[in-house]
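Peer 1: Pasting a structure here, questions to come.
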Amino acid sequence: MKKDLLHFQNWTTSELWEILETSAHLKRERRSGVDHQGLLRGRTLALIFQKPSLRTRVSFEAGMTQLGGHAIYLGPDDIKLGQRETTEDIALNLSRYVDGIMARVFGHEIVEELARYASVPVINGLSDSFHPCQALGDMLTIWERKRRLEGLTLAFIGDGNNVANSLIEASAKLGLRFRIACPPGREPLAQVVAEARTLGAEVQILHDPKEAARGADVLYTDVWTSMGQEAEAQLRRQQFRGFQVNLDLLQLAHPQALVMHCLPAHYGEEITYEAARTPNSAIFDQAENRLHAQKGLLALLLGR
Ligand code: CP
Ligand code: NVA
């Protein structure tokens with residue numbers, strides 16, 4: 001049966017570890033010159049984008065190439081998702097051509113609908129509610145740098161957005177403690193927090209960046225205004241003032257705390273340039289690990 005990655009709700013801890021271990025293995029082997037072209041030879045992945053992208057597009061395309069397959073980029077003006085034909089028909093058509101679909105969309109229900117009608121795996125490459133591929137690359141990054149995941153404290157400073165929601169889900173399944181400091185009204189999805197707590201995970205919702213940062217192993221942030229929220233940018237700049245990862249905040253965290261950001265960054269807003277360039281900054285490792293984590297995921301979902 002096909003398996004989709006829309007969020008982590010229906011993924012077990014051991015399945016997540018299988019992705020991480022496969023990713024780390026592929027990364028190691030590639031560095032020592034092993035050719036992985038046989039893994040997805042002849043397979044095709046469709047990439048649907050309703051929003052812009054640097055990392056997601058390039059890492060999925062390069063990943064498919066490295067695994068011997070092929071990716072087809074379908075930008076906002078190519079298939080005009082939601083305008084030219086129904087999402088159901090897009091899913092049914094693409095399933096006749098390709099072996100997997102990755103989609104970056106506005107409403108999360110769009111990837112849900114693609115997955116409902118597609119007979120091939122559907123991967124969420126970011127929706128308004130979740131960004132699971134980002135969280136996979138991030139967990140791989142933390143695991144590499146800290147040699148463990150369980151028991152670490154991840155402090156997220158800023159908006160309770162798609163990235164935060166996926167980090168909460170991944171943290172809950174992989175044993176990290178999660179704290180967020182956000183302005184009141186900008187909390188992550190209540191259902192995501194409740195579900196994580198049901199699993200026994202520690203999730204703290206705070207409104208003071210200093211309180212969240214204290215002793216944390218990871219300081220993570222993301223833009224104040226996500227794609228699709230541009231009309232609120234000015235309001236958000238006011239609401240989020242002070243919710244910034246900078247060298248002062250970093251002083252409060254664990255001395256070896258990682259600085260993380262999914263990118264793109266708006267230096268001077270949610271993070272300072274200096275904080276993003278400290279030796280403990282992992283932001284470009286995160287970007288690189290999108291490639292490796294997604295290759296692990298693709299090998300498992302499309303290679304069977
Ligand atoms: N982090 C991330 O998803 O980057 P892009 O928006 O450039 O794909
Ligand atoms: N929260 C951001 C993440 C970008 C990768 C957005 O949705 O725009």
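Every chain in the structure tokens has a letter given in the order shown (A, B, ...), and although residue numbers restart at 1 in each chain, ligands are simply numbered from 1 in the order shown.
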Quick one: residues within 7 Å of ligand 1, with only C-alpha atoms and all ligand atoms, as a PyMOL selection string?
Peer 2: chain A and resi 52-57+126+134+262-264+287
Peer 1: Give me the residues within 12 Å of Ile271 (chain A) as a compact mmCIF listing (two decimals) with C-alpha atoms, in the first residue's frame, counting only C-alpha atoms and dropping any in the same chain fewer than 2 places off.
Peer 2:
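Generated file (out25.txt):
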# COMPACT_ATOMS: atom_id res chain seq x y z
CA PHE A 156 11.39 27.74 19.04
CA ILE A 157 11.31 31.54 19.11
CA GLY A 158 8.60 33.17 17.01
CA LEU A 219 17.39 27.74 19.48
CA TYR A 220 15.20 27.62 16.40
CA THR A 221 13.43 30.43 14.60
CA ASP A 222 11.58 31.13 11.35
CA VAL A 223 10.21 34.19 9.55
CA TRP A 224 7.53 36.29 11.25
CA PHE A 240 6.86 39.81 16.90
CA ARG A 241 9.25 42.58 17.88
CA GLY A 242 11.59 41.08 20.48
CA PHE A 243 11.02 37.52 19.32
CA GLN A 244 14.49 37.44 17.85
CA VAL A 245 17.35 34.97 18.04
CA ASN A 246 20.42 37.11 18.70
CA LEU A 247 23.71 36.82 20.58
CA ASP A 248 22.12 38.00 23.85
CA LEU A 249 19.44 35.32 23.71
CA LEU A 250 22.05 32.73 22.79
CA VAL A 259 21.19 27.99 16.23
CA MET A 260 18.68 26.79 13.66
CA HIS A 261 16.50 28.36 10.97
CA CYS A 262 14.72 26.66 8.10
CA LEU A 263 15.52 29.60 5.76
CA PRO A 264 14.82 31.88 3.99
CA ALA A 265 15.93 34.26 6.77
CA HIS A 266 15.11 37.93 7.25
CA TYR A 267 18.24 39.11 9.04
CA GLY A 268 17.50 41.81 11.59
CA GLU A 269 13.96 40.52 12.14
CA TYR A 273 23.17 37.92 10.92
CA GLU A 274 25.72 37.45 13.74
CA ALA A 275 23.64 34.75 15.45
CA ALA A 276 23.18 32.97 12.12
CA ARG A 277 26.95 32.91 11.59
CA THR A 278 28.16 31.70 15.01
CA SER A 281 24.83 27.82 13.75
CA ILE A 283 21.49 26.65 9.26
Peer 1: I'd like a table as a Markdown table: residues in chain A with an atom no more than 6 Å from ligand 2, each row giving the shortest atom pair and its distance in Å to one decimal, only C-alpha atoms and all ligand atoms counted, sorted by chain and rising residue number.
Peer 2:
| residue | atom | partner | partner_atom_place_in_ligand_line | distance |
| --- | --- | --- | --- | --- |
| A:Asn161 | CA | ligand 2 | 1 (N) | 5.8 |
| A:Asn162 | CA | ligand 2 | 1 (N) | 5.7 |
| A:Val163 | CA | ligand 2 | 1 (N) | 5.7 |
| A:Ser226 | CA | ligand 2 | 8 (O) | 3.4 |
| A:Met227 | CA | ligand 2 | 8 (O) | 3.8 |
| A:Cys262 | CA | ligand 2 | 5 (C) | 5.9 |
| A:Leu263 | CA | ligand 2 | 5 (C) | 5.9 |
Peer 1: According to DSSP computed on the backbone, where in region 114-288 of chain A is there helix (DSSP H, G or I)? Give the residues as an mmCIF file with N, CA, C and O atoms, in the first residue's frame.
Peer 2:
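Result saved to states-v6.cif:
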data_model
loop_
_atom_site.group_PDB
_atom_site.id
_atom_site.type_symbol
_atom_site.label_atom_id
_atom_site.label_comp_id
_atom_site.auth_asym_id
_atom_site.auth_seq_id
_atom_site.Cartn_x
_atom_site.Cartn_y
_atom_site.Cartn_z
ATOM 1 N N LEU A 114 -5.022 15.697 -2.685
ATOM 2 C CA LEU A 114 -4.138 15.026 -3.648
ATOM 3 C C LEU A 114 -3.879 13.587 -3.191
ATOM 4 O O LEU A 114 -3.945 12.645 -3.978
ATOM 5 N N ALA A 115 -3.610 13.441 -1.895
ATOM 6 C CA ALA A 115 -3.291 12.107 -1.363
ATOM 7 C C ALA A 115 -4.500 11.173 -1.440
ATOM 8 O O ALA A 115 -4.355 9.975 -1.700
ATOM 9 N N ARG A 116 -5.681 11.728 -1.236
ATOM 10 C CA ARG A 116 -6.900 10.902 -1.258
ATOM 11 C C ARG A 116 -7.117 10.296 -2.645
ATOM 12 O O ARG A 116 -7.497 9.144 -2.774
ATOM 13 N N TYR A 117 -6.839 11.057 -3.683
ATOM 14 C CA TYR A 117 -7.144 10.573 -5.034
ATOM 15 C C TYR A 117 -5.947 9.984 -5.765
ATOM 16 O O TYR A 117 -6.121 9.239 -6.729
ATOM 17 N N PRO A 132 6.739 18.886 6.983
ATOM 18 C CA PRO A 132 7.399 17.694 7.535
ATOM 19 C C PRO A 132 8.788 17.426 6.961
ATOM 20 O O PRO A 132 9.667 16.934 7.695
ATOM 21 N N CYS A 133 9.035 17.748 5.692
ATOM 22 C CA CYS A 133 10.365 17.491 5.113
ATOM 23 C C CYS A 133 11.419 18.360 5.792
ATOM 24 O O CYS A 133 12.564 17.942 5.971
ATOM 25 N N GLN A 134 11.007 19.574 6.177
ATOM 26 C CA GLN A 134 11.915 20.439 6.922
ATOM 27 C C GLN A 134 12.278 19.793 8.260
ATOM 28 O O GLN A 134 13.447 19.719 8.649
ATOM 29 N N ALA A 135 11.271 19.294 8.954
ATOM 30 C CA ALA A 135 11.520 18.692 10.272
ATOM 31 C C ALA A 135 12.411 17.455 10.150
ATOM 32 O O ALA A 135 13.250 17.206 11.023
ATOM 33 N N LEU A 136 12.277 16.692 9.058
ATOM 34 C CA LEU A 136 13.147 15.521 8.872
ATOM 35 C C LEU A 136 14.602 15.957 8.722
ATOM 36 O O LEU A 136 15.499 15.400 9.365
ATOM 37 N N GLY A 137 14.842 16.954 7.873
ATOM 38 C CA GLY A 137 16.202 17.458 7.695
ATOM 39 C C GLY A 137 16.752 18.039 9.000
ATOM 40 O O GLY A 137 17.934 17.890 9.318
ATOM 41 N N ASP A 138 15.871 18.675 9.761
ATOM 42 C CA ASP A 138 16.295 19.278 11.023
ATOM 43 C C ASP A 138 16.658 18.217 12.061
ATOM 44 O O ASP A 138 17.635 18.361 12.798
ATOM 45 N N MET A 139 15.871 17.166 12.125
ATOM 46 C CA MET A 139 16.167 16.103 13.093
ATOM 47 C C MET A 139 17.480 15.403 12.724
ATOM 48 O O MET A 139 18.275 15.055 13.587
ATOM 49 N N LEU A 140 17.706 15.234 11.413
ATOM 50 C CA LEU A 140 18.977 14.654 10.970
ATOM 51 C C LEU A 140 20.136 15.559 11.394
ATOM 52 O O LEU A 140 21.172 15.091 11.881
ATOM 53 N N THR A 141 19.939 16.857 11.271
ATOM 54 C CA THR A 141 20.981 17.833 11.632
ATOM 55 C C THR A 141 21.282 17.799 13.139
ATOM 56 O O THR A 141 22.450 17.782 13.553
ATOM 57 N N ILE A 142 20.218 17.784 13.942
ATOM 58 C CA ILE A 142 20.424 17.774 15.399
ATOM 59 C C ILE A 142 21.103 16.460 15.815
ATOM 60 O O ILE A 142 22.030 16.452 16.629
ATOM 61 N N TRP A 143 20.652 15.371 15.238
ATOM 62 C CA TRP A 143 21.220 14.051 15.553
ATOM 63 C C TRP A 143 22.716 14.016 15.215
ATOM 64 O O TRP A 143 23.540 13.537 15.990
ATOM 65 N N GLU A 144 23.080 14.567 14.038
ATOM 66 C CA GLU A 144 24.494 14.601 13.639
ATOM 67 C C GLU A 144 25.329 15.443 14.603
ATOM 68 O O GLU A 144 26.424 15.057 14.989
ATOM 69 N N ARG A 145 24.797 16.596 14.960
ATOM 70 C CA ARG A 145 25.586 17.531 15.774
ATOM 71 C C ARG A 145 25.632 17.129 17.241
ATOM 72 O O ARG A 145 26.606 17.383 17.929
ATOM 73 N N LYS A 146 24.544 16.549 17.733
ATOM 74 C CA LYS A 146 24.458 16.239 19.172
ATOM 75 C C LYS A 146 24.597 14.751 19.475
ATOM 76 O O LYS A 146 24.611 14.356 20.642
ATOM 77 N N ASN A 162 3.742 26.599 10.320
ATOM 78 C CA ASN A 162 3.894 25.267 9.731
ATOM 79 C C ASN A 162 5.160 24.547 10.203
ATOM 80 O O ASN A 162 5.119 23.355 10.536
ATOM 81 N N VAL A 163 6.273 25.269 10.255
ATOM 82 C CA VAL A 163 7.534 24.653 10.674
ATOM 83 C C VAL A 163 7.438 24.257 12.150
ATOM 84 O O VAL A 163 7.812 23.142 12.537
ATOM 85 N N ALA A 164 6.898 25.157 12.969
ATOM 86 C CA ALA A 164 6.742 24.846 14.399
ATOM 87 C C ALA A 164 5.842 23.625 14.593
ATOM 88 O O ALA A 164 6.160 22.729 15.390
ATOM 89 N N ASN A 165 4.735 23.558 13.875
ATOM 90 C CA ASN A 165 3.823 22.413 14.025
ATOM 91 C C ASN A 165 4.531 21.092 13.710
ATOM 92 O O ASN A 165 4.378 20.105 14.433
ATOM 93 N N SER A 166 5.304 21.088 12.626
ATOM 94 C CA SER A 166 5.988 19.841 12.268
ATOM 95 C C SER A 166 7.103 19.507 13.255
ATOM 96 O O SER A 166 7.349 18.329 13.546
ATOM 97 N N LEU A 167 7.772 20.523 13.787
ATOM 98 C CA LEU A 167 8.808 20.257 14.793
ATOM 99 C C LEU A 167 8.189 19.700 16.073
ATOM 100 O O LEU A 167 8.780 18.849 16.734
ATOM 101 N N ILE A 168 6.997 20.168 16.431
ATOM 102 C CA ILE A 168 6.323 19.620 17.608
ATOM 103 C C ILE A 168 6.021 18.138 17.387
ATOM 104 O O ILE A 168 6.306 17.292 18.234
ATOM 105 N N GLU A 169 5.475 17.826 16.218
ATOM 106 C CA GLU A 169 5.139 16.420 15.928
ATOM 107 C C GLU A 169 6.390 15.542 15.925
ATOM 108 O O GLU A 169 6.400 14.459 16.507
ATOM 109 N N ALA A 170 7.446 16.026 15.255
ATOM 110 C CA ALA A 170 8.673 15.223 15.181
ATOM 111 C C ALA A 170 9.313 15.090 16.565
ATOM 112 O O ALA A 170 9.774 14.007 16.947
ATOM 113 N N SER A 171 9.315 16.176 17.323
ATOM 114 C CA SER A 171 9.906 16.137 18.673
ATOM 115 C C SER A 171 9.168 15.137 19.548
ATOM 116 O O SER A 171 9.788 14.370 20.299
ATOM 117 N N ALA A 172 7.853 15.144 19.449
ATOM 118 C CA ALA A 172 7.053 14.244 20.277
ATOM 119 C C ALA A 172 7.388 12.789 19.961
ATOM 120 O O ALA A 172 7.520 11.956 20.859
ATOM 121 N N LYS A 173 7.569 12.481 18.686
ATOM 122 C CA LYS A 173 7.836 11.082 18.302
ATOM 123 C C LYS A 173 9.282 10.683 18.573
ATOM 124 O O LYS A 173 9.586 9.508 18.761
ATOM 125 N N LEU A 174 10.198 11.659 18.580
ATOM 126 C CA LEU A 174 11.622 11.325 18.702
ATOM 127 C C LEU A 174 12.192 11.672 20.079
ATOM 128 O O LEU A 174 13.390 11.532 20.308
ATOM 129 N N ALA A 190 -3.593 24.016 18.146
ATOM 130 C CA ALA A 190 -3.952 23.410 19.438
ATOM 131 C C ALA A 190 -4.035 21.886 19.326
ATOM 132 O O ALA A 190 -3.623 21.160 20.236
ATOM 133 N N GLN A 191 -4.529 21.425 18.191
ATOM 134 C CA GLN A 191 -4.687 19.978 17.997
ATOM 135 C C GLN A 191 -3.323 19.266 17.945
ATOM 136 O O GLN A 191 -3.165 18.151 18.445
ATOM 137 N N VAL A 192 -2.350 19.937 17.365
ATOM 138 C CA VAL A 192 -1.000 19.363 17.279
ATOM 139 C C VAL A 192 -0.380 19.276 18.669
ATOM 140 O O VAL A 192 0.221 18.264 19.052
ATOM 141 N N VAL A 193 -0.565 20.342 19.455
ATOM 142 C CA VAL A 193 -0.025 20.365 20.815
ATOM 143 C C VAL A 193 -0.703 19.282 21.655
ATOM 144 O O VAL A 193 -0.040 18.516 22.373
ATOM 145 N N ALA A 194 -2.025 19.194 21.519
ATOM 146 C CA ALA A 194 -2.779 18.208 22.310
ATOM 147 C C ALA A 194 -2.342 16.792 21.949
ATOM 148 O O ALA A 194 -2.121 15.948 22.841
ATOM 149 N N GLU A 195 -2.167 16.543 20.663
ATOM 150 C CA GLU A 195 -1.772 15.198 20.231
ATOM 151 C C GLU A 195 -0.377 14.834 20.746
ATOM 152 O O GLU A 195 -0.132 13.707 21.175
ATOM 153 N N ALA A 196 0.529 15.796 20.714
ATOM 154 C CA ALA A 196 1.884 15.544 21.214
ATOM 155 C C ALA A 196 1.836 15.210 22.705
ATOM 156 O O ALA A 196 2.507 14.287 23.172
ATOM 157 N N ARG A 197 1.017 15.948 23.426
ATOM 158 C CA ARG A 197 0.916 15.688 24.871
ATOM 159 C C ARG A 197 0.288 14.336 25.136
ATOM 160 O O ARG A 197 0.661 13.651 26.101
ATOM 161 N N THR A 198 -0.650 13.929 24.291
ATOM 162 C CA THR A 198 -1.261 12.607 24.433
ATOM 163 C C THR A 198 -0.197 11.516 24.317
ATOM 164 O O THR A 198 -0.289 10.462 24.958
ATOM 165 N N PRO A 209 10.663 35.027 25.178
ATOM 166 C CA PRO A 209 11.794 34.362 24.512
ATOM 167 C C PRO A 209 12.901 33.950 25.495
ATOM 168 O O PRO A 209 13.508 32.884 25.333
ATOM 169 N N LYS A 210 13.145 34.786 26.515
ATOM 170 C CA LYS A 210 14.235 34.472 27.458
ATOM 171 C C LYS A 210 13.923 33.203 28.238
ATOM 172 O O LYS A 210 14.775 32.343 28.443
ATOM 173 N N GLU A 211 12.667 33.111 28.670
ATOM 174 C CA GLU A 211 12.254 31.928 29.432
ATOM 175 C C GLU A 211 12.400 30.671 28.569
ATOM 176 O O GLU A 211 12.859 29.621 29.034
ATOM 177 N N ALA A 212 12.046 30.794 27.301
ATOM 178 C CA ALA A 212 12.135 29.630 26.413
ATOM 179 C C ALA A 212 13.586 29.254 26.135
ATOM 180 O O ALA A 212 13.935 28.076 26.034
ATOM 181 N N ALA A 213 14.443 30.257 26.006
ATOM 182 C CA ALA A 213 15.829 30.002 25.600
ATOM 183 C C ALA A 213 16.683 29.397 26.717
ATOM 184 O O ALA A 213 17.666 28.700 26.440
ATOM 185 N N GLU A 230 1.487 37.824 3.450
ATOM 186 C CA GLU A 230 2.171 39.102 3.178
ATOM 187 C C GLU A 230 1.330 40.318 3.577
ATOM 188 O O GLU A 230 1.874 41.328 4.007
ATOM 189 N N ALA A 231 0.008 40.208 3.477
ATOM 190 C CA ALA A 231 -0.848 41.352 3.822
ATOM 191 C C ALA A 231 -0.733 41.714 5.303
ATOM 192 O O ALA A 231 -1.025 42.845 5.700
ATOM 193 N N GLU A 232 -0.319 40.752 6.129
ATOM 194 C CA GLU A 232 -0.201 40.990 7.575
ATOM 195 C C GLU A 232 1.211 41.402 7.984
ATOM 196 O O GLU A 232 1.490 41.515 9.183
ATOM 197 N N ALA A 233 2.095 41.583 7.029
ATOM 198 C CA ALA A 233 3.517 41.746 7.362
ATOM 199 C C ALA A 233 3.773 42.870 8.356
ATOM 200 O O ALA A 233 4.524 42.701 9.323
ATOM 201 N N GLN A 234 3.106 43.991 8.150
ATOM 202 C CA GLN A 234 3.370 45.136 9.030
ATOM 203 C C GLN A 234 2.878 44.869 10.456
ATOM 204 O O GLN A 234 3.601 45.107 11.432
ATOM 205 N N LEU A 235 1.682 44.334 10.577
ATOM 206 C CA LEU A 235 1.134 43.970 11.881
ATOM 207 C C LEU A 235 2.044 42.969 12.583
ATOM 208 O O LEU A 235 2.351 43.089 13.776
ATOM 209 N N ARG A 236 2.508 41.996 11.823
ATOM 210 C CA ARG A 236 3.350 40.958 12.393
ATOM 211 C C ARG A 236 4.694 41.526 12.862
ATOM 212 O O ARG A 236 5.216 41.098 13.888
ATOM 213 N N ARG A 237 5.243 42.470 12.104
ATOM 214 C CA ARG A 237 6.512 43.075 12.536
ATOM 215 C C ARG A 237 6.348 43.710 13.913
ATOM 216 O O ARG A 237 7.256 43.665 14.735
ATOM 217 N N GLN A 238 5.175 44.278 14.169
ATOM 218 C CA GLN A 238 4.932 44.873 15.500
ATOM 219 C C GLN A 238 4.752 43.772 16.550
ATOM 220 O O GLN A 238 5.357 43.804 17.615
ATOM 221 N N GLN A 239 3.919 42.785 16.222
ATOM 222 C CA GLN A 239 3.619 41.732 17.206
ATOM 223 C C GLN A 239 4.850 40.929 17.603
ATOM 224 O O GLN A 239 4.967 40.483 18.739
ATOM 225 N N LEU A 247 22.624 37.302 19.717
ATOM 226 C CA LEU A 247 23.711 36.817 20.579
ATOM 227 C C LEU A 247 23.353 36.909 22.063
ATOM 228 O O LEU A 247 23.769 36.067 22.856
ATOM 229 N N ASP A 248 22.527 37.893 22.448
ATOM 230 C CA ASP A 248 22.115 38.003 23.851
ATOM 231 C C ASP A 248 21.253 36.816 24.264
ATOM 232 O O ASP A 248 21.427 36.249 25.336
ATOM 233 N N LEU A 249 20.317 36.454 23.388
ATOM 234 C CA LEU A 249 19.440 35.321 23.711
ATOM 235 C C LEU A 249 20.254 34.023 23.765
ATOM 236 O O LEU A 249 20.038 33.172 24.641
ATOM 237 N N LEU A 250 21.205 33.932 22.860
ATOM 238 C CA LEU A 250 22.049 32.732 22.790
ATOM 239 C C LEU A 250 22.843 32.528 24.080
ATOM 240 O O LEU A 250 23.106 31.387 24.491
ATOM 241 N N GLN A 251 23.188 33.623 24.745
ATOM 242 C CA GLN A 251 23.901 33.561 26.027
ATOM 243 C C GLN A 251 23.125 32.763 27.074
ATOM 244 O O GLN A 251 23.714 32.200 27.993
ATOM 245 N N LEU A 252 21.796 32.789 26.959
ATOM 246 C CA LEU A 252 20.956 32.131 27.970
ATOM 247 C C LEU A 252 20.825 30.634 27.725
ATOM 248 O O LEU A 252 20.476 29.874 28.619
ATOM 249 N N TYR A 273 22.168 38.541 11.787
ATOM 250 C CA TYR A 273 23.174 37.921 10.925
ATOM 251 C C TYR A 273 24.266 37.278 11.773
ATOM 252 O O TYR A 273 24.727 36.166 11.495
ATOM 253 N N GLU A 274 24.646 37.961 12.872
ATOM 254 C CA GLU A 274 25.717 37.452 13.739
ATOM 255 C C GLU A 274 25.326 36.112 14.354
ATOM 256 O O GLU A 274 26.126 35.185 14.413
ATOM 257 N N ALA A 275 24.092 36.017 14.830
ATOM 258 C CA ALA A 275 23.640 34.753 15.445
ATOM 259 C C ALA A 275 23.614 33.628 14.410
ATOM 260 O O ALA A 275 23.935 32.476 14.711
ATOM 261 N N ALA A 276 23.261 33.986 13.179
ATOM 262 C CA ALA A 276 23.181 32.975 12.117
ATOM 263 C C ALA A 276 24.560 32.510 11.658
ATOM 264 O O ALA A 276 24.677 31.505 10.963
ATOM 265 N N ILE A 283 22.511 26.353 10.271
ATOM 266 C CA ILE A 283 21.486 26.648 9.259
ATOM 267 C C ILE A 283 21.807 26.090 7.874
ATOM 268 O O ILE A 283 20.907 25.643 7.178
ATOM 269 N N PHE A 284 23.090 26.058 7.514
ATOM 270 C CA PHE A 284 23.389 25.523 6.174
ATOM 271 C C PHE A 284 23.493 23.991 6.185
ATOM 272 O O PHE A 284 23.289 23.352 5.159
ATOM 273 N N ASP A 285 23.775 23.431 7.369
ATOM 274 C CA ASP A 285 23.667 21.962 7.501
ATOM 275 C C ASP A 285 22.205 21.551 7.333
ATOM 276 O O ASP A 285 21.890 20.539 6.708
ATOM 277 N N GLN A 286 21.308 22.340 7.928
ATOM 278 C CA GLN A 286 19.879 22.046 7.773
ATOM 279 C C GLN A 286 19.500 22.048 6.297
ATOM 280 O O GLN A 286 18.784 21.168 5.824
ATOM 281 N N ALA A 287 19.967 23.102 5.607
ATOM 282 C CA ALA A 287 19.633 23.214 4.179
ATOM 283 C C ALA A 287 20.181 21.995 3.421
ATOM 284 O O ALA A 287 19.474 21.370 2.626
ATOM 285 N N GLU A 288 21.442 21.628 3.706
ATOM 286 C CA GLU A 288 22.019 20.453 3.029
ATOM 287 C C GLU A 288 21.247 19.187 3.378
ATOM 288 O O GLU A 288 20.960 18.350 2.514
#
Peer 1: I need the residue nearest Leu5 (chain A) from this list: A:Val58, A:Leu81, A:Leu199, A:Leu300. Use only C-alpha atoms for the distance.
Peer 2: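 Smallest distance to Leu5 (chain A) is found for A:Leu300.
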Peer 1: Would you list the contacts of region 202-206 of chain A as a PyMOL selection string, taking every protein, DNA or RNA residue within 6 Å and counting only C-alpha atoms, but skipping same-chain residues closer than 4 positions in sequence?
Peer 2: chain A and resi 177-181
Peer 1: Tell me which protein, DNA and RNA residues are within 10 Å of Ser95 (chain A), counting only C-alpha atoms, leaving out same-chain ones fewer than 6 positions away, and put them as a ChimeraX atom specification.
Peer 2: /A:46,89,101,117-121
Peer 1: Within 10 Å of Leu39 (chain A), counting only C-alpha atoms, which residues show up once you throw out same-chain ones fewer than 5 positions away? Write them as a list in words, please.
Peer 2: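 Surrounding residues, per the criterion: Met64, Gln66, Leu67, Gly68, Gly69, Lys295, Leu298, Ala299, Leu300, Leu302, Gly303 and Arg304 of chain A.
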Peer 1: Pick out the closest residue to Thr86 (chain A) from this set: A:Ala155, A:Ile110, A:Ala282, A:Ile48. Count only C-alpha atoms.
Peer 2: A:Ile110
Peer 1: So the first atom is CA of Arg186 (chain A) and the second is CA of Ala253 (chain A); what is the distance between them in Å, to one decimal place?
Peer 2: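 Interatomic distance here is 22.7 Å.
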Peer 1: What's around His292 (chain A) at 7 Å? Count only C-alpha atoms, leave out sequence neighbours fewer than 4 positions away in its own chain, and write the answer as number ranges by chain.
Peer 2: A: 23, 27, 296
Peer 1: Do you have the CA of Val111 (chain A)-CA of Ile19 (chain A) distance handy?
Peer 2: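 It comes out at 20.8 Å.
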Peer 1: Could you give me, as a list of chain:residue names, the residues within 12 Å of Glu109 (chain A), counting only C-alpha atoms and dropping anything in the same chain fewer than 5 positions from it?
Peer 2: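 The residues that qualify are A:Leu6, A:His7, A:Gly82, A:Thr87, A:Glu88, A:Ala103, A:Arg104, A:Leu114, A:Ala115, A:Arg116, A:Asn124, A:Leu126, A:Ser127, A:Asp128, A:Ser129, A:Phe130.
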Peer 1: Per DSSP on the backbone, filter region 15-212 of chain A down to the residues in strand (DSSP E) and report them as a PyMOL selection string.
Peer 2: chain A and resi 44-49+70-74+100-104+122-124+153-157+177-181+203-206
